[in-house]
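Listing of upload04.tsv, TSV, C-alpha atoms
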```tsv
chain	number	residue	atom	x	y	z
A	26	MET	CA	110.26	-24.55	54.41
A	27	ALA	CA	108.40	-23.68	51.21
A	28	VAL	CA	106.94	-20.23	50.89
A	29	GLY	CA	103.28	-20.27	51.75
A	30	THR	CA	103.29	-23.31	54.02
A	31	ARG	CA	102.17	-21.26	57.00
A	32	GLU	CA	99.34	-19.70	54.98
A	33	ARG	CA	98.20	-23.09	53.72
A	34	LEU	CA	98.16	-24.47	57.26
A	35	VAL	CA	96.01	-21.55	58.45
A	36	GLU	CA	93.59	-21.88	55.55
A	37	ALA	CA	93.22	-25.66	55.89
A	38	ALA	CA	92.74	-25.30	59.64
A	39	ALA	CA	90.05	-22.65	59.17
A	40	THR	CA	88.11	-24.88	56.77
A	41	SER	CA	88.43	-27.92	59.02
A	42	PHE	CA	87.34	-26.03	62.14
A	43	MET	CA	84.36	-24.53	60.27
A	44	ARG	CA	83.15	-27.88	58.97
A	45	GLN	CA	84.15	-30.34	61.69
A	46	GLY	CA	84.58	-28.23	64.78
A	47	TYR	CA	87.62	-27.90	67.03
A	48	ALA	CA	87.59	-31.27	68.78
A	49	GLY	CA	86.66	-33.00	65.52
A	50	SER	CA	89.60	-31.54	63.60
A	51	GLY	CA	92.88	-33.45	63.55
A	52	LEU	CA	96.27	-31.77	63.17
A	53	LYS	CA	97.48	-34.61	60.99
A	54	GLN	CA	94.58	-34.16	58.58
A	55	ILE	CA	95.22	-30.40	58.48
A	56	THR	CA	98.89	-30.90	57.60
A	57	VAL	CA	97.97	-33.43	54.90
A	58	GLU	CA	95.45	-31.03	53.35
A	59	SER	CA	98.01	-28.23	53.53
A	60	ARG	CA	100.64	-30.42	51.81
A	61	ALA	CA	102.83	-29.46	54.78
A	62	PRO	CA	105.32	-31.64	56.64
A	63	PHE	CA	103.88	-32.44	60.07
A	64	GLY	CA	106.88	-30.84	61.77
A	65	SER	CA	106.17	-27.53	60.06
A	66	LEU	CA	103.02	-27.14	62.12
A	67	TYR	CA	104.95	-26.93	65.39
A	68	HIS	CA	107.64	-24.85	63.66
A	69	PHE	CA	105.11	-22.16	62.80
A	70	PHE	CA	102.80	-22.74	65.78
A	71	PRO	CA	104.83	-23.78	68.82
A	72	GLY	CA	101.62	-23.56	70.86
A	73	GLY	CA	100.13	-26.36	68.78
A	74	LYS	CA	96.41	-26.71	68.12
A	75	VAL	CA	95.28	-23.75	70.25
A	76	GLU	CA	97.74	-21.36	68.58
A	77	LEU	CA	96.84	-22.62	65.11
A	78	ALA	CA	93.14	-22.30	65.90
A	79	ALA	CA	93.53	-18.74	67.21
A	80	GLU	CA	95.35	-17.74	64.01
A	81	ALA	CA	92.87	-19.58	61.77
A	82	LEU	CA	89.86	-18.01	63.53
A	83	ARG	CA	91.33	-14.48	63.27
A	84	TRP	CA	92.19	-14.99	59.60
A	85	ALA	CA	88.76	-16.42	58.76
A	86	GLY	CA	86.97	-13.81	60.87
A	87	ALA	CA	88.71	-10.94	59.07
A	88	GLY	CA	87.99	-12.53	55.69
A	89	TYR	CA	84.33	-13.01	56.53
A	90	ALA	CA	84.00	-9.39	57.68
A	91	GLN	CA	85.48	-8.25	54.33
A	92	LEU	CA	83.07	-10.51	52.44
A	93	VAL	CA	80.00	-9.16	54.24
A	94	ALA	CA	81.27	-5.57	53.86
A	95	ALA	CA	81.72	-6.11	50.11
A	96	VAL	CA	78.14	-7.38	49.77
A	97	LEU	CA	76.83	-4.44	51.79
A	98	ASP	CA	78.92	-1.93	49.78
A	99	ALA	CA	77.58	-3.30	46.50
A	100	SER	CA	73.97	-2.42	47.27
A	101	PRO	CA	72.44	0.99	46.57
A	102	ASP	CA	70.82	1.32	49.99
A	103	VAL	CA	71.23	-0.24	53.42
A	104	VAL	CA	67.88	-2.06	53.47
A	105	THR	CA	68.58	-3.78	50.13
A	106	ALA	CA	72.12	-4.43	51.34
A	107	VAL	CA	70.92	-6.31	54.42
A	108	GLY	CA	68.61	-8.49	52.32
A	109	ASP	CA	71.46	-9.10	49.87
A	110	ALA	CA	73.80	-10.24	52.64
A	111	PHE	CA	71.34	-12.92	53.77
A	112	ALA	CA	70.70	-13.92	50.14
A	113	ALA	CA	74.46	-14.28	49.62
A	114	ALA	CA	74.70	-16.48	52.71
A	115	ALA	CA	71.82	-18.63	51.40
A	116	HIS	CA	73.56	-18.92	48.05
A	117	THR	CA	76.85	-20.00	49.64
A	118	LEU	CA	75.04	-22.65	51.67
A	119	GLU	CA	73.39	-24.09	48.56
A	120	ALA	CA	76.57	-23.89	46.48
A	121	THR	CA	78.64	-25.78	49.07
A	122	GLY	CA	76.10	-28.45	50.02
A	123	TYR	CA	75.43	-26.61	53.30
A	124	ALA	CA	79.05	-27.03	54.39
A	125	ASP	CA	80.36	-23.45	54.27
A	126	ALA	CA	78.78	-21.19	56.82
A	127	CYS	CA	80.14	-18.99	59.57
A	128	PRO	CA	83.84	-19.77	60.00
A	129	ILE	CA	83.72	-18.99	63.73
A	130	ALA	CA	80.43	-20.22	65.18
A	131	THR	CA	81.04	-23.96	65.43
A	132	VAL	CA	84.30	-23.49	67.32
A	133	ALA	CA	82.87	-20.59	69.35
A	134	LEU	CA	80.12	-22.79	70.81
A	135	GLU	CA	82.52	-25.65	71.43
A	136	VAL	CA	85.12	-23.57	73.27
A	137	ALA	CA	82.81	-21.16	75.13
A	138	SER	CA	82.90	-23.26	78.29
A	139	THR	CA	86.02	-25.34	77.69
A	140	ASN	CA	88.89	-23.23	76.32
A	141	GLU	CA	89.30	-19.71	77.69
A	142	PRO	CA	92.04	-18.46	75.27
A	143	LEU	CA	89.99	-19.49	72.24
A	144	ARG	CA	86.77	-18.14	73.76
A	145	GLU	CA	88.47	-14.74	74.01
A	146	VAL	CA	89.55	-14.93	70.36
A	147	THR	CA	85.99	-15.65	69.22
A	148	ALA	CA	84.67	-12.81	71.42
A	149	GLU	CA	87.13	-10.36	69.80
A	150	ILE	CA	86.08	-11.43	66.31
A	151	PHE	CA	82.35	-11.10	67.01
A	152	GLU	CA	82.92	-7.71	68.65
A	153	SER	CA	84.84	-6.46	65.61
A	154	TRP	CA	81.95	-7.55	63.36
A	155	LEU	CA	79.44	-5.79	65.63
A	156	ASP	CA	81.56	-2.62	65.69
A	157	GLY	CA	81.74	-2.53	61.88
A	158	LEU	CA	78.00	-3.03	61.45
A	159	THR	CA	77.13	-0.56	64.21
A	160	ALA	CA	79.22	2.12	62.46
A	161	ARG	CA	77.54	1.30	59.15
A	162	PHE	CA	74.01	1.59	60.58
A	163	ALA	CA	74.95	4.73	62.52
A	164	GLY	CA	76.24	6.17	59.24
A	165	GLU	CA	72.66	5.96	57.97
A	166	GLY	CA	71.55	8.34	60.68
A	167	ILE	CA	70.39	5.70	63.16
A	168	ALA	CA	71.15	6.55	66.82
A	169	PRO	CA	74.23	4.69	68.17
A	170	GLU	CA	72.34	2.53	70.70
A	171	ARG	CA	69.77	1.51	68.12
A	172	ALA	CA	72.52	0.90	65.54
A	173	ARG	CA	74.21	-1.46	68.00
A	174	GLU	CA	70.93	-3.34	68.57
A	175	LEU	CA	70.49	-3.76	64.82
A	176	ALA	CA	74.09	-4.96	64.46
A	177	VAL	CA	73.43	-7.59	67.15
A	178	LEU	CA	70.22	-8.57	65.36
A	179	PHE	CA	72.05	-8.85	62.02
A	180	VAL	CA	74.86	-11.07	63.34
A	181	ALA	CA	72.64	-13.17	65.61
A	182	ALA	CA	70.09	-13.76	62.84
A	183	LEU	CA	72.82	-14.65	60.34
A	184	GLU	CA	74.32	-17.12	62.83
A	185	GLY	CA	70.94	-18.55	63.73
A	186	GLY	CA	70.13	-18.76	60.03
A	187	PHE	CA	73.27	-20.77	59.36
A	188	LEU	CA	72.30	-23.12	62.18
A	189	LEU	CA	68.69	-23.62	61.06
A	190	SER	CA	69.48	-23.80	57.34
A	191	ARG	CA	72.38	-26.21	57.78
A	192	ALA	CA	70.34	-28.48	60.04
A	193	ALA	CA	67.37	-28.50	57.65
A	194	ARG	CA	69.47	-28.35	54.46
A	195	ARG	CA	67.06	-25.68	53.24
A	196	VAL	CA	67.62	-21.98	52.56
A	197	GLU	CA	64.13	-20.99	53.68
A	198	PRO	CA	65.14	-19.92	57.22
A	199	MET	CA	68.02	-17.76	55.91
A	200	GLU	CA	65.77	-16.17	53.28
A	201	ALA	CA	63.04	-15.45	55.84
A	202	LEU	CA	65.61	-13.80	58.11
A	203	GLY	CA	66.78	-11.58	55.25
A	204	ARG	CA	63.25	-10.21	55.03
A	205	THR	CA	62.68	-9.65	58.75
A	206	VAL	CA	66.09	-8.14	59.49
A	207	ALA	CA	65.83	-5.80	56.46
A	208	GLU	CA	62.42	-4.69	57.77
A	209	ALA	CA	63.88	-3.96	61.19
A	210	VAL	CA	66.60	-1.80	59.61
A	211	GLN	CA	64.02	-0.06	57.41
A	212	ALA	CA	61.89	0.75	60.47
A	213	ALA	CA	64.89	2.30	62.24
A	214	LEU	CA	65.92	4.65	59.42
A	215	PRO	CA	65.27	8.31	60.24
A	216	ALA	CA	63.54	8.85	56.87
A	217	HIS	CA	61.02	6.14	57.82
A	218	ALA	CA	57.74	7.78	58.76
B	24	MET	CA	70.40	-52.68	86.21
B	25	ALA	CA	69.13	-50.02	88.61
B	26	VAL	CA	65.94	-48.17	87.76
B	27	GLY	CA	66.77	-44.84	86.20
B	28	THR	CA	70.18	-45.70	84.78
B	29	ARG	CA	68.99	-45.12	81.25
B	30	GLU	CA	67.49	-41.75	82.21
B	31	ARG	CA	70.68	-40.70	84.00
B	32	LEU	CA	72.75	-41.63	80.94
B	33	VAL	CA	70.52	-39.53	78.68
B	34	GLU	CA	70.60	-36.54	81.01
B	35	ALA	CA	74.38	-36.64	81.50
B	36	ALA	CA	74.88	-37.04	77.76
B	37	ALA	CA	72.65	-34.05	77.02
B	38	THR	CA	74.61	-31.85	79.42
B	39	SER	CA	77.95	-33.00	78.07
B	40	PHE	CA	76.95	-32.49	74.43
B	41	MET	CA	75.56	-29.02	75.24
B	42	ARG	CA	78.72	-27.89	77.02
B	43	GLN	CA	81.51	-29.75	75.22
B	44	GLY	CA	80.05	-30.67	71.85
B	45	TYR	CA	79.71	-34.11	70.31
B	46	ALA	CA	83.33	-34.85	69.43
B	47	GLY	CA	84.47	-33.36	72.73
B	48	SER	CA	82.22	-35.61	74.82
B	49	GLY	CA	83.54	-38.95	75.99
B	50	LEU	CA	81.32	-41.96	76.65
B	51	LYS	CA	83.43	-42.92	79.63
B	52	GLN	CA	82.95	-39.51	81.23
B	53	ILE	CA	79.20	-39.71	80.57
B	54	THR	CA	78.93	-43.09	82.30
B	55	VAL	CA	80.96	-41.82	85.27
B	56	GLU	CA	78.71	-38.77	85.64
B	57	SER	CA	75.64	-41.01	85.34
B	58	ARG	CA	77.01	-43.35	88.02
B	59	ALA	CA	76.32	-46.05	85.44
B	60	PRO	CA	78.43	-49.15	84.72
B	61	PHE	CA	80.15	-48.64	81.35
B	62	GLY	CA	78.49	-51.77	79.97
B	63	SER	CA	75.04	-50.34	80.65
B	64	LEU	CA	75.58	-47.73	77.94
B	65	TYR	CA	75.75	-50.36	75.20
B	66	HIS	CA	72.98	-52.34	76.91
B	67	PHE	CA	70.59	-49.40	76.57
B	68	PHE	CA	72.12	-47.93	73.40
B	69	PRO	CA	73.46	-50.72	71.18
B	70	GLY	CA	74.15	-48.07	68.51
B	71	GLY	CA	76.65	-46.44	70.86
B	72	LYS	CA	77.44	-42.73	70.81
B	73	VAL	CA	75.19	-41.85	67.83
B	74	GLU	CA	72.16	-43.57	69.37
B	75	LEU	CA	72.79	-42.02	72.79
B	76	ALA	CA	73.22	-38.60	71.17
B	77	ALA	CA	70.00	-38.92	69.18
B	78	GLU	CA	68.09	-39.80	72.35
B	79	ALA	CA	69.78	-37.07	74.41
B	80	LEU	CA	69.10	-34.43	71.75
B	81	ARG	CA	65.41	-35.40	71.46
B	82	TRP	CA	65.01	-35.42	75.24
B	83	ALA	CA	66.75	-32.07	75.66
B	84	GLY	CA	64.93	-30.56	72.68
B	85	ALA	CA	61.52	-31.51	74.07
B	86	GLY	CA	62.48	-30.19	77.50
B	87	TYR	CA	63.67	-26.90	76.07
B	88	ALA	CA	60.47	-26.47	74.06
B	89	GLN	CA	58.46	-26.99	77.28
B	90	LEU	CA	60.63	-24.46	79.10
B	91	VAL	CA	60.16	-21.78	76.44
B	92	ALA	CA	56.42	-22.54	76.23
B	93	ALA	CA	56.10	-22.15	80.00
B	94	VAL	CA	57.82	-18.74	79.89
B	95	LEU	CA	55.59	-17.64	77.00
B	96	ASP	CA	52.43	-18.92	78.76
B	97	ALA	CA	53.28	-17.00	81.93
B	98	SER	CA	53.16	-13.60	80.23
B	99	PRO	CA	49.95	-11.60	79.79
B	100	ASP	CA	50.58	-10.80	76.12
B	101	VAL	CA	52.73	-12.17	73.32
B	102	VAL	CA	55.02	-9.14	73.01
B	103	THR	CA	55.89	-9.20	76.71
B	104	ALA	CA	56.22	-12.97	76.46
B	105	VAL	CA	58.85	-12.74	73.73
B	106	GLY	CA	60.89	-10.26	75.75
B	107	ASP	CA	60.53	-12.49	78.83
B	108	ALA	CA	61.85	-15.53	76.94
B	109	PHE	CA	65.05	-13.70	76.00
B	110	ALA	CA	65.35	-12.32	79.55
B	111	ALA	CA	65.01	-15.87	80.90
B	112	ALA	CA	67.75	-17.06	78.52
B	113	ALA	CA	69.99	-14.20	79.66
B	114	HIS	CA	69.32	-15.11	83.30
B	115	THR	CA	70.18	-18.79	82.71
B	116	LEU	CA	73.44	-17.79	81.03
B	117	GLU	CA	74.44	-15.61	83.98
B	118	ALA	CA	73.34	-18.17	86.57
B	119	THR	CA	75.37	-20.97	84.99
B	120	GLY	CA	78.54	-19.03	84.19
B	121	TYR	CA	77.55	-18.96	80.51
B	122	ALA	CA	77.63	-22.76	80.31
B	123	ASP	CA	73.95	-23.62	79.84
B	124	ALA	CA	72.51	-22.46	76.57
B	125	CYS	CA	70.74	-24.19	73.72
B	126	PRO	CA	71.00	-27.96	74.27
B	127	ILE	CA	71.04	-28.63	70.52
B	128	ALA	CA	73.03	-25.93	68.75
B	129	THR	CA	76.61	-26.98	69.51
B	130	VAL	CA	76.02	-30.51	68.29
B	131	ALA	CA	73.87	-29.30	65.37
B	132	LEU	CA	76.71	-27.21	63.95
B	133	GLU	CA	79.24	-29.99	64.52
B	134	VAL	CA	77.22	-32.71	62.83
B	135	ALA	CA	75.62	-30.66	60.02
B	136	SER	CA	78.29	-31.73	57.53
B	137	THR	CA	79.68	-34.80	59.23
B	138	ASN	CA	76.92	-37.04	60.63
B	139	GLU	CA	73.74	-37.39	58.58
B	140	PRO	CA	71.62	-39.33	61.14
B	141	LEU	CA	72.30	-36.76	63.86
B	142	ARG	CA	71.81	-33.86	61.42
B	143	GLU	CA	68.32	-35.22	60.73
B	144	VAL	CA	67.58	-35.41	64.46
B	145	THR	CA	68.60	-31.77	64.97
B	146	ALA	CA	66.50	-30.72	61.95
B	147	GLU	CA	63.42	-32.46	63.42
B	148	ILE	CA	63.90	-30.74	66.76
B	149	PHE	CA	64.29	-27.26	65.28
B	150	GLU	CA	61.27	-27.83	63.03
B	151	SER	CA	59.15	-28.86	66.01
B	152	TRP	CA	60.18	-25.65	67.80
B	153	LEU	CA	59.34	-23.57	64.73
B	154	ASP	CA	55.96	-25.30	64.36
B	155	GLY	CA	55.05	-24.57	67.98
B	156	LEU	CA	56.03	-20.91	67.75
B	157	THR	CA	54.34	-20.44	64.37
B	158	ALA	CA	51.08	-21.78	65.84
B	159	ARG	CA	51.45	-19.46	68.84
B	160	PHE	CA	52.00	-16.36	66.68
B	161	ALA	CA	49.22	-17.38	64.27
B	162	GLY	CA	46.95	-17.70	67.30
B	163	GLU	CA	47.46	-13.96	67.83
B	164	GLY	CA	45.88	-13.29	64.46
B	165	ILE	CA	49.14	-13.03	62.49
B	166	ALA	CA	48.94	-14.53	58.98
B	167	PRO	CA	50.54	-18.01	58.77
B	168	GLU	CA	53.45	-17.01	56.48
B	169	ARG	CA	54.29	-14.04	58.66
B	170	ALA	CA	53.92	-16.16	61.80
B	171	ARG	CA	56.46	-18.62	60.37
B	172	GLU	CA	58.91	-15.78	59.60
B	173	LEU	CA	58.60	-14.51	63.16
B	174	ALA	CA	59.12	-18.04	64.53
B	175	VAL	CA	62.31	-18.31	62.47
B	176	LEU	CA	63.41	-14.89	63.73
B	177	PHE	CA	62.69	-15.90	67.35
B	178	VAL	CA	64.67	-19.16	67.19
B	179	ALA	CA	67.52	-17.76	65.07
B	180	ALA	CA	67.91	-14.71	67.31
B	181	LEU	CA	67.83	-16.85	70.46
B	182	GLU	CA	70.50	-19.15	68.99
B	183	GLY	CA	72.59	-16.24	67.77
B	184	GLY	CA	72.15	-14.61	71.16
B	185	PHE	CA	73.47	-17.68	72.94
B	186	LEU	CA	76.47	-17.66	70.60
B	187	LEU	CA	77.29	-13.96	71.04
B	188	SER	CA	76.57	-13.88	74.78
B	189	ARG	CA	78.54	-17.03	75.54
B	190	ALA	CA	81.53	-15.83	73.50
B	191	ALA	CA	81.50	-12.40	75.15
B	192	ARG	CA	80.39	-13.66	78.58
B	193	ARG	CA	77.93	-10.75	78.62
B	194	VAL	CA	74.12	-10.77	78.51
B	195	GLU	CA	73.93	-7.55	76.49
B	196	PRO	CA	73.47	-9.27	73.10
B	197	MET	CA	70.67	-11.50	74.43
B	198	GLU	CA	68.94	-8.54	76.08
B	199	ALA	CA	69.20	-6.42	72.91
B	200	LEU	CA	67.67	-9.28	70.91
B	201	GLY	CA	64.77	-9.50	73.34
B	202	ARG	CA	63.92	-5.90	72.49
B	203	THR	CA	64.25	-6.16	68.71
B	204	VAL	CA	62.40	-9.48	68.35
B	205	ALA	CA	59.58	-8.26	70.62
B	206	GLU	CA	59.31	-5.15	68.42
B	207	ALA	CA	59.07	-7.31	65.29
B	208	VAL	CA	56.24	-9.32	66.83
B	209	GLN	CA	54.52	-6.13	68.01
B	210	ALA	CA	54.67	-4.71	64.48
B	211	ALA	CA	53.10	-7.87	63.04
B	212	LEU	CA	50.08	-7.95	65.37
B	213	PRO	CA	46.81	-7.14	63.61
B	214	ALA	CA	45.87	-4.61	66.32
B	215	HIS	CA	49.06	-2.67	65.55
B	216	ALA	CA	48.17	0.48	63.60
```
Exercise: express the given structure as structure tokens:
Amino acid sequence: MAVGTRERLVEAAATSFMRQGYAGSGLKQITVESRAPFGSLYHFFPGGKVELAAEALRWAGAGYAQLVAAVLDASPDVVTAVGDAFAAAAHTLEATGYADACPIATVALEVASTNEPLREVTAEIFESWLDGLTARFAGEGIAPERARELAVLFVAALEGGFLLSRAARRVEPMEALGRTVAEAVQAALPAHA
Amino acid sequence: MAVGTRERLVEAAATSFMRQGYAGSGLKQITVESRAPFGSLYHFFPGGKVELAAEALRWAGAGYAQLVAAVLDASPDVVTAVGDAFAAAAHTLEATGYADACPIATVALEVASTNEPLREVTAEIFESWLDGLTARFAGEGIAPERARELAVLFVAALEGGFLLSRAARRVEPMEALGRTVAEAVQAALPAHA
């Protein structure tokens, strides 16, 4: 088995699940795009599609958290940072023809009522995102409960923005959300009079 | 052909697409749940699954808009109304075991990059929701551009709330969003000092 086959399978699966959903993704197509022998999939993932999806979701979820954290870290203040994160999401949508969005959401909605192991994986990923953002907002002096509410607002608005912008093939919803969510964070800062 | 077969097909399709997604929904299952002969599906929908989905999405989208409008109309003021709409969504999630959520979102994410006719249908539905909410907020004396931003925030947060609450099987995200979106509307009202 060539070095990197497992990694290529995970990456191809993550892209396929993001763009086509879980039911709409075929294992054969994923192995072809990974340049992997079909048998290697069951070698690395004896649990088949569910096990591959769990691994792909966790990998993509961790990568997306790092990406958002990097955008937030690059900004001088948290309010600008929030606006920048939504602007970055809008840019990615435009640059990829509205194909690349949240790597978790499409599968999360599909499996929420139909596949309990994968639902739990998506719940863990979202919770880790919310924990990271809550800590970041709390680090700005915002009370923990309020910081959690803002984290929920940030993630929900980003997800809703992906949905509305992908459906419309326009960045306007995502850009509008950048403004309103940044304002909500601004209003919660202790320095805000 | 019995009276109502077409309507039963549309309703069963809408429920299936909402809960299992587009790729995960089978036409055979939909006809069984509609108590419809399989041939009736192609009698009413010669375009097959895409045509049935377009009709089911439009029907469900119009129904959901009416539902939200009814909740908003029942409240004495727009800020309370916004909170009530999120509370109603949280209640529906709990009452249905987190199965019934937005009737459009799951399919919208699935088809955004894979099925252009259905993407356009989902875009039309979301735009009609945004238009209705923008008019409602503008009717409270909020400037049109700001009213549109708040409409986008309302729909995106509701959609993101369904995603987070269904994944976690907890209403906490949806309830938190009810508070933050209501606050954003409150802050935009002209009477707000």
Per-residue nearest contacts of chain A to chain B (6 Å; only C-alpha atoms) as a tab-separated table:
```
residue	atom	partner	partner_atom	distance
A:Gln45	CA	B:Glu133	CA	5.7
A:Gly46	CA	B:Glu133	CA	5.6
A:Ala48	CA	B:Gly47	CA	5.5
A:Gly49	CA	B:Ala46	CA	5.5
A:Ala124	CA	B:Ser136	CA	5.7
A:Thr131	CA	B:Leu132	CA	5.6
A:Leu134	CA	B:Thr129	CA	5.6
A:Glu135	CA	B:Gly44	CA	5.6
A:Ala137	CA	B:Ala190	CA	5.7
A:Ser138	CA	B:Ala122	CA	5.7
A:Arg144	CA	B:Ala190	CA	5.7
A:Ala148	CA	B:Ala190	CA	4.8
A:Glu174	CA	B:Ala199	CA	5.6
A:Ala181	CA	B:Gly183	CA	3.8
A:Ala182	CA	B:Ala180	CA	5.1
A:Glu184	CA	B:Gly183	CA	5.3
A:Gly185	CA	B:Ala179	CA	3.8
A:Gly186	CA	B:Ala179	CA	5.8
A:Arg191	CA	B:Ala135	CA	5.9
A:Ala192	CA	B:Ala146	CA	4.8
A:Ala193	CA	B:Ala146	CA	4.9
A:Ala201	CA	B:Glu172	CA	5.6
```
**Item:** Coordinates-based distance that separates atom CA of Arg195 of chain A from atom CA of Ala93 of chain B (Å, one decimal)
**Value:** 29.1 Å
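Atom CA of Phe63 of chain A is positioned 11.7 Å from atom CA of Arg31 of chain A.
Our summary of the geometry notes that atom CA of Gly71 of chain B is positioned 11.4 Å from atom CA of Gly49 of chain B.
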**Request:** Considering all atoms listed in the file, state which residue in the set A:Ala163, A:Leu52, A:Pro128, A:Ala207 is at the smallest distance from Phe70 of chain A.
**Result:** A:Leu52
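Ranking B:Ala85, B:Val102, B:Ala79, B:Val55 by their shortest atom-to-atom distance to Ser151 of chain B, with only C-alpha atoms included, puts B:Ala85 first.
Remark: for Ala39 of chain A, the closest of the candidate residues A:Ala99, A:Ile129, A:Ala114, A:Ala216 is A:Ile129 (distances computed over all atoms listed in the file).
Residue nearest Val196 of chain A within the list A:Asp156, A:Ala172, A:Pro71, A:His116: A:His116 [criterion: smallest interatomic distance, only C-alpha atoms].
Considering only C-alpha atoms, the residue among B:Ser39, B:Ala158, B:Ala166, B:Leu153 positioned nearest to Ala88 of chain B is B:Leu153.
You can rank B:Thr28, B:Glu117, B:Leu156, B:Val105 by their closest distance to Gly62 of chain B using all atoms listed in the file, and at the top of that list sits B:Thr28.
Omitting Leu34 of chain A and its sequence neighbours fewer than 4 positions away, and counting all atoms listed in the file, the residues within 9 Å are Gly29, Thr30, Ala38, Ala39, Ile55, Thr56, Glu58, Ser59, Arg60, Ala61, Leu66, Leu77 and Ala81 of chain A.
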